[in-house]
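Here's target05.cif, which has mmCIF, C-alpha atoms:
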data_entry
#
loop_
_atom_site.group_PDB
_atom_site.id
_atom_site.type_symbol
_atom_site.label_atom_id
_atom_site.label_comp_id
_atom_site.auth_asym_id
_atom_site.auth_seq_id
_atom_site.Cartn_x
_atom_site.Cartn_y
_atom_site.Cartn_z
ATOM 1 C CA PRO A 1 0.000 0.000 0.000
ATOM 2 C CA THR A 2 2.805 2.457 0.720
ATOM 3 C CA LEU A 3 4.278 1.952 -2.739
ATOM 4 C CA MET A 4 0.948 2.656 -4.457
ATOM 5 C CA LEU A 5 0.484 5.923 -2.583
ATOM 6 C CA ARG A 6 3.913 7.195 -3.571
ATOM 7 C CA GLN A 7 4.133 6.059 -7.201
ATOM 8 C CA GLY A 8 0.584 5.545 -8.367
ATOM 9 C CA LYS A 9 -0.882 2.522 -10.122
ATOM 10 C CA VAL A 10 1.527 -0.263 -11.059
ATOM 11 C CA SER A 11 1.175 -1.599 -14.611
ATOM 12 C CA LEU A 12 2.790 -4.621 -16.204
ATOM 13 C CA ASP A 13 2.022 -3.330 -19.729
ATOM 14 C CA PRO A 14 5.093 -2.253 -21.694
ATOM 15 C CA PRO A 15 5.523 1.522 -21.940
ATOM 16 C CA ARG A 16 4.329 3.201 -25.167
ATOM 17 C CA VAL A 17 7.272 3.882 -27.462
ATOM 18 C CA TRP A 18 6.727 6.546 -30.127
ATOM 19 C CA LYS A 19 8.443 5.987 -33.453
ATOM 20 C CA PRO A 20 10.630 8.910 -34.457
ATOM 21 C CA ALA A 21 9.808 11.166 -37.405
ATOM 22 C CA PRO A 22 11.244 9.578 -40.563
ATOM 23 C CA THR A 23 14.416 10.507 -42.403
ATOM 24 C CA GLY A 24 14.980 10.132 -46.147
ATOM 25 C CA LEU A 25 12.545 11.094 -48.906
ATOM 26 C CA VAL A 26 9.170 12.524 -47.852
ATOM 27 C CA LEU A 27 6.533 13.304 -50.506
ATOM 28 C CA PHE A 28 3.670 15.594 -49.528
ATOM 29 C CA GLY A 29 0.646 17.437 -50.807
ATOM 30 C CA GLY A 30 -2.133 19.486 -49.354
ATOM 31 C CA GLY A 31 -4.535 22.347 -49.451
ATOM 32 C CA ALA A 32 -3.343 25.868 -48.840
ATOM 33 C CA PHE A 33 -5.183 28.969 -47.644
ATOM 34 C CA ASN A 34 -3.628 31.910 -49.431
ATOM 35 C CA LYS A 35 -4.301 35.630 -49.276
ATOM 36 C CA PHE A 36 -2.842 38.225 -51.594
ATOM 37 C CA GLY A 37 -2.299 41.737 -50.323
ATOM 38 C CA ASP A 38 -3.712 44.747 -52.191
ATOM 39 C CA VAL A 39 -4.692 43.009 -55.467
ATOM 40 C CA THR A 40 -8.254 44.325 -55.273
ATOM 41 C CA THR A 41 -7.039 47.762 -54.183
ATOM 42 C CA VAL A 42 -4.653 48.004 -57.143
ATOM 43 C CA ALA A 43 -7.212 46.694 -59.658
ATOM 44 C CA CYS A 44 -10.026 48.977 -58.411
ATOM 45 C CA GLY A 45 -7.969 52.123 -57.890
ATOM 46 C CA ASP A 46 -10.382 54.900 -56.860
ATOM 47 C CA VAL A 47 -13.479 53.240 -58.386
ATOM 48 C CA SER A 48 -16.087 53.047 -55.619
ATOM 49 C CA THR A 49 -18.302 50.484 -57.402
ATOM 50 C CA CYS A 50 -15.606 47.829 -57.464
ATOM 51 C CA SER A 51 -15.248 44.646 -55.462
ATOM 52 C CA GLY A 52 -13.093 41.575 -55.540
ATOM 53 C CA ASP A 53 -11.786 38.470 -53.843
ATOM 54 C CA GLN A 54 -8.104 38.011 -53.056
ATOM 55 C CA SER A 55 -8.096 34.942 -50.785
ATOM 56 C CA GLY A 56 -9.175 31.323 -50.875
ATOM 57 C CA LEU A 57 -8.008 27.745 -51.127
ATOM 58 C CA GLY A 58 -5.215 26.618 -53.395
ATOM 59 C CA TYR A 59 -3.025 23.530 -53.415
ATOM 60 C CA THR A 60 0.575 22.542 -52.859
ATOM 61 C CA PHE A 61 2.804 19.504 -53.344
ATOM 62 C CA GLY A 62 6.485 18.729 -53.100
ATOM 63 C CA ALA A 63 9.288 16.610 -51.725
ATOM 64 C CA ALA A 64 11.685 16.913 -48.816
ATOM 65 C CA TYR A 65 14.799 14.881 -48.179
ATOM 66 C CA TRP A 66 15.722 14.606 -44.498
ATOM 67 C CA VAL A 67 19.473 13.912 -44.582
ATOM 68 C CA LEU A 68 19.526 13.754 -40.783
ATOM 69 C CA PRO A 69 16.592 13.762 -38.345
ATOM 70 C CA PHE A 70 17.104 17.536 -37.949
ATOM 71 C CA LEU A 71 18.301 18.678 -41.435
ATOM 72 C CA ALA A 72 16.526 18.614 -44.820
ATOM 73 C CA ALA A 73 16.253 20.156 -48.282
ATOM 74 C CA GLU A 74 12.815 20.730 -49.809
ATOM 75 C CA GLY A 75 11.185 21.753 -53.077
ATOM 76 C CA THR A 76 7.528 22.844 -53.168
ATOM 77 C CA TYR A 77 5.056 23.930 -55.856
ATOM 78 C CA ILE A 78 2.269 26.250 -54.668
ATOM 79 C CA LYS A 79 -0.788 27.217 -56.741
ATOM 80 C CA PRO A 80 -2.809 29.881 -54.899
ATOM 81 C CA PRO A 81 -6.356 30.733 -55.989
ATOM 82 C CA ASP A 82 -6.868 33.480 -58.536
ATOM 83 C CA ALA A 83 -7.578 36.955 -57.144
ATOM 84 C CA THR A 84 -10.343 38.877 -58.930
ATOM 85 C CA ALA A 85 -11.823 42.362 -59.147
ATOM 86 C CA THR A 86 -14.912 43.650 -60.997
ATOM 87 C CA GLY A 87 -16.063 47.226 -61.341
ATOM 88 C CA THR A 88 -18.089 49.765 -63.310
ATOM 89 C CA VAL A 89 -17.215 53.334 -64.253
ATOM 90 C CA GLY A 90 -19.822 55.210 -66.270
ATOM 91 C CA ASN A 91 -20.557 53.081 -69.335
ATOM 92 C CA ALA A 92 -17.477 50.883 -68.912
ATOM 93 C CA THR A 93 -17.174 47.639 -66.954
ATOM 94 C CA PHE A 94 -13.939 45.835 -66.182
ATOM 95 C CA ASN A 95 -12.891 42.438 -64.884
ATOM 96 C CA SER A 96 -9.391 41.764 -63.563
ATOM 97 C CA VAL A 97 -7.801 38.418 -62.687
ATOM 98 C CA PHE A 98 -4.458 37.816 -60.984
ATOM 99 C CA GLU A 99 -2.994 34.300 -61.407
ATOM 100 C CA ALA A 100 0.205 33.134 -59.738
ATOM 101 C CA GLN A 101 2.271 30.023 -59.211
ATOM 102 C CA ILE A 102 5.267 29.651 -56.923
ATOM 103 C CA LEU A 103 8.185 27.243 -56.609
ATOM 104 C CA THR A 104 10.194 27.244 -53.369
ATOM 105 C CA ILE A 105 13.567 25.672 -52.610
ATOM 106 C CA VAL A 106 14.418 25.731 -48.912
ATOM 107 C CA GLY A 107 16.719 24.294 -46.303
ATOM 108 C CA LYS A 108 14.953 23.030 -43.181
ATOM 109 C CA ALA A 109 16.161 22.593 -39.624
ATOM 110 C CA GLY A 110 13.956 20.589 -37.288
ATOM 111 C CA PHE A 111 13.901 19.302 -33.758
ATOM 112 C CA PRO A 112 12.651 15.686 -33.558
ATOM 113 C CA LEU A 113 10.354 15.089 -30.575
ATOM 114 C CA GLY A 114 9.258 11.484 -31.079
ATOM 115 C CA PRO A 115 6.630 11.500 -33.849
ATOM 116 C CA MET A 116 6.572 15.322 -33.982
ATOM 117 C CA ARG A 117 9.116 17.576 -35.640
ATOM 118 C CA PRO A 118 8.830 21.370 -35.377
ATOM 119 C CA PHE A 119 10.961 23.056 -38.043
ATOM 120 C CA GLY A 120 12.136 26.347 -39.440
ATOM 121 C CA GLN A 121 12.975 26.943 -43.097
ATOM 122 C CA ILE A 122 14.742 29.492 -45.249
ATOM 123 C CA GLY A 123 15.490 29.608 -48.962
ATOM 124 C CA ALA A 124 14.391 31.092 -52.264
ATOM 125 C CA SER A 125 11.124 31.264 -54.180
ATOM 126 C CA TYR A 126 10.488 31.701 -57.900
ATOM 127 C CA HIS A 127 7.129 33.088 -59.021
ATOM 128 C CA GLN A 128 5.319 33.483 -62.331
ATOM 129 C CA SER A 129 2.189 35.587 -62.466
ATOM 130 C CA LYS A 130 -0.274 37.166 -64.883
ATOM 131 C CA PHE A 131 -2.528 40.141 -64.235
ATOM 132 C CA ARG A 132 -5.252 40.421 -66.897
ATOM 133 C CA THR A 133 -7.868 43.142 -67.263
ATOM 134 C CA SER A 134 -10.696 43.190 -69.781
ATOM 135 C CA GLN A 135 -12.693 46.433 -70.146
ATOM 136 C CA THR A 136 -15.919 46.749 -72.155
ATOM 137 C CA MET A 137 -17.516 50.059 -73.220
ATOM 138 C CA THR A 138 -21.274 49.454 -73.359
ATOM 139 C CA GLY A 139 -22.597 52.906 -74.331
ATOM 140 C CA ALA A 140 -21.279 52.872 -77.910
ATOM 141 C CA VAL A 141 -23.275 51.718 -80.954
ATOM 142 C CA GLN A 142 -21.051 48.673 -81.085
ATOM 143 C CA PRO A 143 -19.597 47.508 -77.727
ATOM 144 C CA ASN A 144 -15.840 47.867 -77.623
ATOM 145 C CA THR A 145 -13.606 45.575 -75.527
ATOM 146 C CA GLN A 146 -9.969 46.171 -74.672
ATOM 147 C CA SER A 147 -7.710 43.680 -72.913
ATOM 148 C CA TYR A 148 -4.467 44.205 -71.056
ATOM 149 C CA GLU A 149 -2.095 41.578 -69.671
ATOM 150 C CA LEU A 150 0.973 42.000 -67.476
ATOM 151 C CA GLN A 151 3.275 39.031 -66.850
ATOM 152 C CA THR A 152 5.951 38.949 -64.161
ATOM 153 C CA ASP A 153 8.435 36.415 -62.889
ATOM 154 C CA GLY A 154 11.377 36.478 -60.566
ATOM 155 C CA TRP A 155 13.183 35.249 -57.490
ATOM 156 C CA GLY A 156 12.734 36.258 -53.871
ATOM 157 C CA TRP A 157 13.443 35.091 -50.345
ATOM 158 C CA VAL A 158 11.173 32.790 -48.377
ATOM 159 C CA PHE A 159 11.255 31.850 -44.702
ATOM 160 C CA GLY A 160 8.861 30.353 -42.190
ATOM 161 C CA GLY A 161 8.262 27.314 -40.029
ATOM 162 C CA GLY A 162 5.826 24.623 -39.086
ATOM 163 C CA MET A 163 5.275 21.208 -37.566
ATOM 164 C CA GLU A 164 5.068 17.609 -38.790
ATOM 165 C CA VAL A 165 3.144 14.961 -36.812
ATOM 166 C CA TRP A 166 3.673 11.362 -37.925
ATOM 167 C CA LEU A 167 0.836 8.898 -37.273
ATOM 168 C CA SER A 168 2.871 6.030 -38.766
ATOM 169 C CA SER A 169 6.164 5.663 -40.601
ATOM 170 C CA VAL A 170 4.438 6.444 -43.930
ATOM 171 C CA PHE A 171 1.605 8.863 -43.046
ATOM 172 C CA GLY A 172 1.572 12.153 -41.226
ATOM 173 C CA PHE A 173 0.089 15.643 -41.056
ATOM 174 C CA TYR A 174 1.890 18.943 -41.404
ATOM 175 C CA GLY A 175 1.160 22.614 -41.154
ATOM 176 C CA GLU A 176 3.419 25.487 -42.067
ATOM 177 C CA PHE A 177 3.497 29.222 -42.622
ATOM 178 C CA GLY A 178 5.811 31.359 -44.684
#
If you convert what's in this file into structure tokens, what do you get?
Amino acid sequence: PTLMLRQGKVSLDPPRVWKPAPTGLVLFGGGAFNKFGDVTTVACGDVSTCSGDQSGLGYTFGAAYWVLPFLAAEGTYIKPPDATATGTVGNATFNSVFEAQILTIVGKAGFPLGPMRPFGQIGASYHQSKFRTSQTMTGAVQPNTQSYELQTDGWGWVFGGGMEVWLSSVFGFYGEFG
């Protein structure tokens, strides 16, 4: 009785042993909530009858190679949703769409805690994007439509962090921000 009061219940079951987060090649994919800053503001300018949507769900996939339990290299493709804006000025209406796609190449440093691995990452990102606007004049005898397209691409820095949680040696969940 004295032993039970000091140390609690005695169990003959073996202790639970968590498998560590895996090393080697890890393939992943998922949904992504993305939000662009100021796309609607830029597309609408000072037009008061203009509205748009610059956030939503996109997707991502990629591969990481964990050389050591705490060190990896990763490549990721991200396809955010298109941002849109629609407005009317006098007898003209316009529709704008911003499309983007991003490739990231990062180094990751993690801290294995059994089946969990919090990590930080830093590297470079390459983006390609198109901003298209179509404007239609409706007051003329014959409606007139003009279209404009701006394409950009380039490199930039990316950094962030996240967490992996492994339910088995081949399946896990992750979340990250950047």
* Asked: Do you know which residues the PyMOL selection byres ((chain A and resi 90) around 10) returns on this file, as an MDAnalysis selection string?
  -> chainID A and resid 88:89 91:93 137:139
Could you give me, as CSV, every segment 70-112 of chain A residue with an atom at most 10 Å from segment 149-165 of chain A, plus its closest atom pair and distance in Å to one decimal, counting all atoms listed in the file, rows ordered by chain then number?
residue,atom,partner,partner_atom,distance
A:Ser96,CA,A:Glu149,CA,9.5
A:Val97,CA,A:Glu149,CA,9.6
A:Phe98,CA,A:Leu150,CA,9.4
A:Glu99,CA,A:Gln151,CA,9.6
A:Ala100,CA,A:Thr152,CA,9.3
A:Gln101,CA,A:Asp153,CA,9.6
A:Ile102,CA,A:Asp153,CA,9.6
A:Leu103,CA,A:Trp155,CA,9.5
A:Thr104,CA,A:Val158,CA,7.5
A:Ile105,CA,A:Val158,CA,8.6
A:Val106,CA,A:Val158,CA,7.8
A:Gly107,CA,A:Phe159,CA,9.5
A:Lys108,CA,A:Gly161,CA,8.5
A:Ala109,CA,A:Gly161,CA,9.2
A:Gly110,CA,A:Met163,CA,8.7
A:Phe111,CA,A:Met163,CA,9.6
A:Pro112,CA,A:Glu164,CA,9.4
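In this model, the gap between atom CA of Thr40 of chain A and atom CA of Ala85 of chain A comes to 5.6 Å.
Take atom CA of Trp166 of chain A and atom CA of Pro80 of chain A: the distance between them is 25.9 Å.
Contact shell of Val17 of chain A at 12 Å (all atoms listed in the file; same-chain neighbours under 4 positions omitted): Asp13, Gly114 and Pro115 of chain A.
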Export of prior selection with C-alpha atoms as a PDB file, in the frame of the given file:
ATOM      1  CA  ASP A  13       2.022  -3.330 -19.729  1.00  0.00           C
ATOM      2  CA  GLY A 114       9.258  11.484 -31.079  1.00  0.00           C
ATOM      3  CA  PRO A 115       6.630  11.500 -33.849  1.00  0.00           C
TER       4      PRO A 115
END
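Using all atoms listed in the file, the smallest distance between any of A:Ala64, A:Ala21, A:Leu57, A:Ala83 and Val39 of chain A comes from A:Ala83.
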* Asked: Exactly which residues make up the result of the PyMOL selection byres ((chain A and resi 145) around 8) on this file, given as a PyMOL selection string?
  -> chain A and resi 134-137+143-144+146-147
* Asked: Once the PyMOL selection byres ((chain A and resi 44) around 12) has been applied to the shown file, what residues remain in the selection, as a PyMOL selection string?
  -> chain A and resi 38-43+45-53+84-89+93-97+133
Keeping C-alpha atoms, export the residues of the selection given above as a tab-separated table (two decimals), keeping the file's coordinate frame.
chain	number	residue	atom	x	y	z
A	38	ASP	CA	-3.71	44.75	-52.19
A	39	VAL	CA	-4.69	43.01	-55.47
A	40	THR	CA	-8.25	44.32	-55.27
A	41	THR	CA	-7.04	47.76	-54.18
A	42	VAL	CA	-4.65	48.00	-57.14
A	43	ALA	CA	-7.21	46.69	-59.66
A	45	GLY	CA	-7.97	52.12	-57.89
A	46	ASP	CA	-10.38	54.90	-56.86
A	47	VAL	CA	-13.48	53.24	-58.39
A	48	SER	CA	-16.09	53.05	-55.62
A	49	THR	CA	-18.30	50.48	-57.40
A	50	CYS	CA	-15.61	47.83	-57.46
A	51	SER	CA	-15.25	44.65	-55.46
A	52	GLY	CA	-13.09	41.58	-55.54
A	53	ASP	CA	-11.79	38.47	-53.84
A	84	THR	CA	-10.34	38.88	-58.93
A	85	ALA	CA	-11.82	42.36	-59.15
A	86	THR	CA	-14.91	43.65	-61.00
A	87	GLY	CA	-16.06	47.23	-61.34
A	88	THR	CA	-18.09	49.76	-63.31
A	89	VAL	CA	-17.22	53.33	-64.25
A	93	THR	CA	-17.17	47.64	-66.95
A	94	PHE	CA	-13.94	45.84	-66.18
A	95	ASN	CA	-12.89	42.44	-64.88
A	96	SER	CA	-9.39	41.76	-63.56
A	97	VAL	CA	-7.80	38.42	-62.69
A	133	THR	CA	-7.87	43.14	-67.26
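Computed from the coordinates, the atom CA of Gly178 of chain A to atom CA of Arg117 of chain A distance equals 16.8 Å.
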* Structure fact -> Between A:Thr60, A:Ser55, A:Gln142, A:Thr76, smallest distance to Ala124 of chain A by all atoms listed in the file belongs to A:Thr76
* To do: Give as a ChimeraX atom specification the set of residues within 12 Å of the point (17.6, 20.2, -44.4), where distances use the file's coordinates and all atoms listed in the file.
  => /A:23-26,63-75,105-111,119-123
